[in-house]
>>> print(open('work_27.cif').read())   # mmCIF, C-alpha atoms
data_work
#
loop_
_atom_site.label_atom_id
_atom_site.label_comp_id
_atom_site.auth_asym_id
_atom_site.auth_seq_id
_atom_site.Cartn_x
_atom_site.Cartn_y
_atom_site.Cartn_z
CA MET A 12 139.61 110.89 93.25
CA GLU A 13 135.81 110.70 93.43
CA TYR A 14 135.62 111.19 89.66
CA LEU A 15 137.86 108.15 89.11
CA GLU A 16 135.83 106.11 91.59
CA LEU A 17 132.64 106.96 89.71
CA VAL A 18 134.25 105.86 86.44
CA ILE A 19 135.26 102.56 88.06
CA LEU A 20 131.73 102.09 89.42
CA GLY A 21 130.28 102.77 85.97
CA THR A 22 132.73 100.32 84.39
CA LEU A 23 131.72 97.55 86.77
CA ALA A 24 128.01 98.29 86.31
CA GLY A 25 128.39 98.38 82.52
CA PHE A 26 130.32 95.11 82.51
CA LEU A 27 127.73 93.28 84.60
CA GLY A 28 124.85 94.94 82.75
CA ALA A 29 126.15 93.79 79.37
CA LEU A 30 126.98 90.33 80.64
CA LEU A 31 123.63 89.61 82.29
CA GLY A 32 121.28 91.82 80.27
CA ILE A 33 120.13 93.75 83.36
CA GLY A 34 121.44 97.27 82.73
CA GLY A 35 123.53 97.63 85.89
CA GLY A 36 121.05 99.82 87.79
CA VAL A 37 120.76 97.33 90.64
CA LEU A 38 124.46 97.94 91.35
CA LEU A 39 124.60 101.67 90.59
CA VAL A 40 121.81 102.92 92.84
CA PRO A 41 122.87 101.34 96.17
CA SER A 42 126.54 102.14 95.46
CA LEU A 43 125.78 105.81 94.81
CA VAL A 44 123.62 106.01 97.94
CA PHE A 45 125.98 104.22 100.35
CA PHE A 46 129.47 105.04 99.11
CA PHE A 47 128.93 108.45 97.53
CA HIS A 48 126.04 109.63 99.77
CA VAL A 49 123.95 110.64 96.77
CA PRO A 50 120.25 111.28 97.53
CA ILE A 51 118.12 108.39 96.33
CA HIS A 52 116.22 110.39 93.70
CA GLN A 53 119.45 111.66 92.12
CA ALA A 54 120.92 108.14 92.21
CA VAL A 55 117.87 106.79 90.38
CA ALA A 56 118.18 109.56 87.78
CA VAL A 57 121.87 108.73 87.16
CA SER A 58 121.02 105.04 86.89
CA LEU A 59 118.28 105.60 84.30
CA ILE A 60 120.63 107.62 82.08
CA ALA A 61 123.38 105.03 82.54
CA ILE A 62 120.92 102.37 81.42
CA ILE A 63 120.48 104.25 78.14
CA ALA A 64 124.26 104.20 77.64
CA THR A 65 124.46 100.47 78.40
CA SER A 66 121.64 99.71 76.00
CA THR A 67 123.29 101.66 73.20
CA GLN A 68 126.51 99.67 73.51
CA VAL A 69 124.98 96.24 73.99
CA ALA A 70 122.20 96.65 71.44
CA SER A 71 124.57 97.63 68.63
CA PHE A 72 126.72 94.58 69.36
CA GLY A 73 123.70 92.28 69.67
CA ILE A 74 122.09 93.46 66.45
CA GLN A 75 125.37 93.13 64.58
CA HIS A 76 125.74 89.48 65.69
CA GLY A 77 122.05 88.60 65.33
CA PHE A 78 121.41 87.93 69.04
CA ALA A 79 118.83 90.71 69.53
CA ASN A 80 115.25 90.08 68.46
CA VAL A 81 114.45 93.65 67.39
CA ARG A 82 110.86 92.98 66.31
CA LEU A 83 109.97 91.33 69.62
CA GLY A 84 111.88 93.95 71.62
CA LEU A 85 110.03 96.86 70.02
CA PHE A 86 106.67 95.18 70.61
CA LEU A 87 107.34 94.44 74.29
CA GLU A 88 108.84 97.88 74.84
CA ILE A 89 105.48 99.54 74.18
CA ALA A 90 104.20 98.10 77.46
CA SER A 91 107.51 98.48 79.30
CA MET A 92 108.02 102.15 78.43
CA ALA A 93 104.41 102.97 79.33
CA GLY A 94 105.01 101.47 82.77
CA ALA A 95 108.28 103.37 83.22
CA VAL A 96 106.76 106.75 82.31
CA LEU A 97 103.78 106.21 84.62
CA SER A 98 105.80 105.11 87.64
CA SER A 99 108.55 107.75 87.26
CA PHE A 100 106.06 110.59 87.49
CA ILE A 101 104.78 108.98 90.68
CA ALA A 102 108.27 108.32 92.06
CA VAL A 103 109.47 111.94 91.97
CA ARG A 104 106.60 112.79 94.35
CA ILE A 105 107.37 110.03 96.85
CA GLU A 106 109.65 110.59 99.86
CA GLY A 107 113.13 109.13 99.52
CA HIS A 108 112.84 106.53 102.29
CA TRP A 109 109.92 104.87 100.51
CA ILE A 110 111.98 104.62 97.32
CA GLU A 111 114.75 103.00 99.36
CA ARG A 112 112.36 100.41 100.79
CA ILE A 113 110.95 99.61 97.35
CA PHE A 114 114.46 99.32 95.96
CA SER A 115 115.45 96.99 98.82
CA LEU A 116 112.55 94.69 97.97
CA THR A 117 113.51 94.86 94.29
CA LEU A 118 117.06 93.79 95.12
CA PHE A 119 115.83 90.77 97.09
CA ILE A 120 113.63 89.72 94.17
CA THR A 121 116.51 90.31 91.76
CA ALA A 122 118.86 88.13 93.83
CA PHE A 123 116.27 85.35 93.93
CA LEU A 124 115.80 85.47 90.16
CA LEU A 125 119.55 85.40 89.56
CA ILE A 126 119.92 82.33 91.78
CA ARG A 127 116.90 80.54 90.36
CA ARG A 128 117.26 81.61 86.73
CA PRO A 129 117.55 78.52 84.55
CA LYS A 130 120.29 78.02 82.00
CA GLY A 131 117.71 78.10 79.25
CA GLN A 132 114.82 76.22 77.72
CA ARG A 133 115.62 73.40 75.33
CA ILE A 134 115.17 74.42 71.71
CA THR A 135 113.58 71.79 69.49
CA LEU A 136 113.36 73.85 66.31
CA GLU A 137 115.85 73.35 63.51
CA PRO A 138 117.37 76.20 61.47
CA GLY A 139 114.98 76.99 58.64
CA ASP A 140 111.85 75.91 60.57
CA ASP A 141 108.95 78.35 60.78
CA VAL A 142 109.63 80.48 63.87
CA GLY A 143 106.54 82.68 63.56
CA TYR A 144 106.28 86.45 63.38
CA PHE A 145 108.16 87.18 66.62
CA GLY A 146 110.55 84.22 66.63
CA GLY A 147 114.16 84.25 65.47
CA GLN A 148 117.44 82.42 65.08
CA TYR A 149 121.13 83.17 65.67
CA TYR A 150 124.51 81.47 65.75
CA ASP A 151 125.70 80.81 69.30
CA PRO A 152 129.53 80.80 69.54
CA ALA A 153 129.44 79.06 72.93
CA GLU A 154 127.23 76.22 71.64
CA LYS A 155 128.83 76.32 68.18
CA LYS A 156 125.48 75.92 66.43
CA THR A 157 122.53 77.90 65.09
CA ILE A 158 119.65 78.29 67.59
CA ALA A 159 116.07 78.74 66.30
CA TYR A 160 113.11 79.57 68.54
CA ARG A 161 109.45 80.58 68.60
CA VAL A 162 107.87 82.98 71.12
CA TYR A 163 105.09 81.61 73.33
CA ASN A 164 102.59 83.23 75.75
CA LEU A 165 103.15 86.65 74.21
CA PRO A 166 100.23 88.40 76.05
CA TRP A 167 101.63 87.31 79.41
CA VAL A 168 105.17 88.31 78.47
CA SER A 169 103.87 91.75 77.41
CA SER A 170 101.89 92.18 80.66
CA PHE A 171 104.90 91.41 82.80
CA SER A 172 106.99 93.78 80.67
CA PHE A 173 104.65 96.57 81.78
CA ILE A 174 105.29 95.66 85.43
CA ALA A 175 109.05 95.54 84.80
CA GLY A 176 108.83 99.00 83.24
CA MET A 177 107.01 100.33 86.32
CA LEU A 178 109.78 99.02 88.57
CA SER A 179 112.36 100.62 86.29
CA GLY A 180 110.82 104.09 86.53
CA MET A 181 110.29 103.76 90.27
CA VAL A 182 113.70 102.58 91.45
CA GLY A 183 116.09 103.22 88.55
CA THR A 184 116.73 99.66 87.42
CA SER A 185 116.41 98.69 83.79
CA GLY A 186 113.76 96.09 84.49
CA GLY A 187 116.01 93.71 82.57
CA ILE A 188 116.47 91.36 85.51
CA PHE A 189 112.74 90.71 85.32
CA LYS A 190 112.42 90.79 81.54
CA VAL A 191 115.09 88.16 80.93
CA PRO A 192 113.57 85.35 83.07
CA ILE A 193 110.06 86.32 81.90
CA MET A 194 111.07 85.96 78.25
CA ASN A 195 112.89 82.71 79.00
CA LEU A 196 110.32 81.05 81.28
CA LEU A 197 107.08 82.28 79.72
CA GLY A 198 108.18 83.04 76.16
CA ARG A 199 110.60 80.07 75.95
CA ILE A 200 113.23 82.32 74.41
CA PRO A 201 116.87 81.18 74.82
CA ILE A 202 118.73 82.99 77.60
CA ARG A 203 121.26 84.61 75.28
CA ALA A 204 118.58 85.99 72.95
CA ALA A 205 116.48 87.08 75.95
CA ALA A 206 119.41 88.89 77.60
CA VAL A 207 120.50 90.77 74.47
CA THR A 208 116.92 91.61 73.48
CA SER A 209 116.40 92.91 77.02
CA SER A 210 119.51 95.08 76.64
CA PHE A 211 118.08 96.45 73.41
CA MET A 212 114.79 97.28 75.18
CA ILE A 213 116.14 98.88 78.34
CA GLY A 214 117.38 102.01 76.56
CA PHE A 215 113.81 102.95 75.71
CA THR A 216 112.65 102.03 79.20
CA GLY A 217 115.39 104.15 80.77
CA LEU A 218 114.50 107.09 78.56
CA GLY A 219 110.85 106.81 79.55
CA GLY A 220 111.76 106.86 83.23
CA ALA A 221 114.39 109.61 82.93
CA ILE A 222 111.97 112.17 81.47
CA ALA A 223 110.27 112.85 84.81
CA TYR A 224 113.63 113.20 86.61
CA PHE A 225 114.84 115.69 84.00
CA ARG A 226 111.67 117.72 84.47
CA ALA A 227 112.11 117.65 88.25
CA GLY A 228 115.75 118.89 88.03
CA MET A 229 117.18 115.75 89.65
CA VAL A 230 119.80 114.96 86.98
CA GLN A 231 123.32 115.97 88.10
CA PRO A 232 125.79 116.19 85.15
CA ALA A 233 128.77 115.90 87.52
CA LEU A 234 127.56 112.44 88.50
CA VAL A 235 126.28 111.34 85.12
CA ALA A 236 129.42 112.09 83.06
CA PRO A 237 131.96 109.83 84.84
CA VAL A 238 129.43 107.02 85.34
CA VAL A 239 128.46 106.98 81.65
CA LEU A 240 132.15 107.03 80.66
CA GLY A 241 132.68 103.93 82.76
CA ILE A 242 129.52 102.34 81.39
CA VAL A 243 130.82 102.65 77.81
CA VAL A 244 134.10 100.94 78.74
CA GLY A 245 132.52 98.25 80.91
CA SER A 246 129.73 97.31 78.51
CA THR A 247 132.21 97.03 75.63
CA VAL A 248 134.29 94.53 77.59
CA GLY A 249 131.15 92.75 78.84
CA ASN A 250 129.94 92.26 75.27
CA ARG A 251 133.16 90.54 74.25
CA VAL A 252 133.34 88.35 77.35
CA GLY A 253 129.66 87.46 77.42
CA VAL A 254 129.66 85.88 73.96
CA ARG A 255 131.76 82.95 75.20
CA LEU A 256 131.28 82.93 78.97
CA LYS A 257 128.96 80.59 80.83
CA ASN A 258 128.13 82.95 83.66
CA ARG A 259 126.13 80.99 86.27
CA TRP A 260 128.92 81.42 88.82
CA LEU A 261 128.94 85.16 88.23
CA GLU A 262 125.17 85.36 88.68
CA GLY A 263 125.48 83.61 92.06
CA LEU A 264 128.21 85.99 93.23
CA PHE A 265 126.23 88.99 92.03
CA ALA A 266 123.17 87.68 93.89
CA VAL A 267 125.12 87.65 97.17
CA VAL A 268 126.20 91.26 96.61
CA LEU A 269 122.61 92.24 95.92
CA ILE A 270 121.34 90.59 99.10
CA VAL A 271 123.89 92.49 101.19
CA ALA A 272 122.96 95.75 99.46
CA ALA A 273 119.24 95.02 99.93
CA ILE A 274 119.71 94.49 103.67
CA LYS A 275 121.68 97.71 104.02
CA MET A 276 119.14 99.66 101.97
CA GLY A 277 116.27 98.19 103.94
CA ILE A 278 117.64 99.15 107.35
CA LYS A 279 119.12 102.51 106.32
#
>>> encode(input="work_27.cif", output="structure tokens")
Amino acid sequence: MEYLELVILGTLAGFLGALLGIGGGVLLVPSLVFFFHVPIHQAVAVSLIAIIATSTQVASFGIQHGFANVRLGLFLEIASMAGAVLSSFIAVRIEGHWIERIFSLTLFITAFLLIRRPKGQRITLEPGDDVGYFGGQYYDPAEKKTIAYRVYNLPWVSSFSFIAGMLSGMVGTSGGIFKVPIMNLLGRIPIRAAAVTSSFMIGFTGLGGAIAYFRAGMVQPALVAPVVLGIVVGSTVGNRVGVRLKNRWLEGLFAVVLIVAAIKMGIK
């Protein structure tokens, strides 16, 4: 029965991760700790590997449909992966209750960003305009038009990507919940492009963070296998739904769940 429950958990995390561009780690870690009584370090390790699976599914879909900005994602991932590798080697040496407190704070911040995240910056460029080296364009099925955009404030976006990577390696999230609003607010990248580009990036970030947990022997195959199976199913469905869904209501509901989880993690 526990195997099936882990598959269901992975499916839900993969669905939300693909839909919102956040990887699903913010749901996986507290669920594994509270409902399956998994030690926090092992839960973080499972989450980081699950993030790689989510990224693989979402990135292939996003690249195929032109949503992912691969050039920008690879550039920002240099800083993000460096942060994840650095913080993960620190995290495996920190006592579990400190990781839980850090994760609780991360969940509160995540919930705030989900509630406050704007629908997207207005795009004034026309298809065919010069979008610069890191800009891009794509056809948006929900808007039924081609969206073109430039990337602004790139040094700041890169700096915050490093911080997002550090949080990823420390607490097992993808960092996507921070990368998406950073790209949208600072870089003025449309939400859809930011979310899918974030999903493309988080696989590298997750890999950077998972290395230290592999070396420390904290990866449990019995936990990873069913969760990743669910991730593959959930992210596939999330890809199809997310193309046409306006998901502000879902973000609000998810934020409430995160606040509850953050309170429980904080007082555990």
>>> resolve_selection(input="work_27.cif", expression="the PyMOL selection byres ((chain A and resi 47) around 12)", output="list in words")
Met12, Glu13, Tyr14, Glu16, Leu17, Leu20, Leu39, Val40, Pro41, Ser42, Leu43, Val44, Phe45, Phe46, His48, Val49, Pro50, Ile51, Gln53, Ala54 and Leu234 of chain A
>>> resolve_selection(input="work_27.cif", expression="the PyMOL selection byres ((chain A and resi 58-73) around 6)", output="list in words")
Gly34, Gly36, Val55, Ala56, Val57, Ile74, Gln75, His76, Gly77, Phe78, Ala79, Gly183, Val207, Ser210, Phe211, Gly214, Gly217, Ala221 and Val239 of chain A
>>> resolve_selection(input="work_27.cif", expression="the PyMOL selection byres ((chain A and resi 198) around 8)", output="PyMOL selection string")
chain A and resi 162-165+168+193-197+199-200
>>> closest_residue(input="work_27.cif", among="A:Val230, A:Phe119, A:Val191, A:Gly28", to="A:Arg203", atoms="all atoms listed in the file")
A:Val191
>>> residues_around(input="work_27.cif", residues="A:Leu23", least_positions_apart="4", cutoff="8 Å", atoms="all atoms listed in the file", output="list in words")
Ile19, Leu27, Gly241, Ile242 and Gly245 of chain A
>>> write_last_selection(input="work_27.cif", atoms="C-alpha atoms", output="PDB file, keeping the file's coordinate frame")
ATOM      1  CA  ILE A  19     135.260 102.560  88.060  1.00  0.00           C
ATOM      2  CA  LEU A  27     127.730  93.280  84.600  1.00  0.00           C
ATOM      3  CA  GLY A 241     132.680 103.930  82.760  1.00  0.00           C
ATOM      4  CA  ILE A 242     129.520 102.340  81.390  1.00  0.00           C
ATOM      5  CA  GLY A 245     132.520  98.250  80.910  1.00  0.00           C
TER       6      GLY A 245
END
>>> residues_near_point(input="work_27.cif", point="(127.2, 81.4, 69.8)", cutoff="10 Å", atoms="all atoms listed in the file", output="MDAnalysis selection string")
chainID A and resid 76:78 149:158 203 254:255
>>> closest_residue(input="work_27.cif", among="A:Ser115, A:Phe123, A:Ser169, A:His52", to="A:Met229", atoms="all atoms listed in the file")
A:His52
>>> residues_near_point(input="work_27.cif", point="(108.8, 93.3, 68.6)", cutoff="10 Å", atoms="all atoms listed in the file", output="list in words")
Asn80, Val81, Arg82, Leu83, Gly84, Leu85, Phe86, Leu87, Glu88, Ile89, Tyr144, Phe145, Gly146, Thr208 and Met212 of chain A
>>> atom_distance(input="work_27.cif", atom1="atom CA of A:Phe100", atom2="atom CA of A:Ala223")
5.5 Å
>>> atom_distance(input="work_27.cif", atom1="atom CA of A:Tyr224", atom2="atom CA of A:Phe26")
25.0 Å
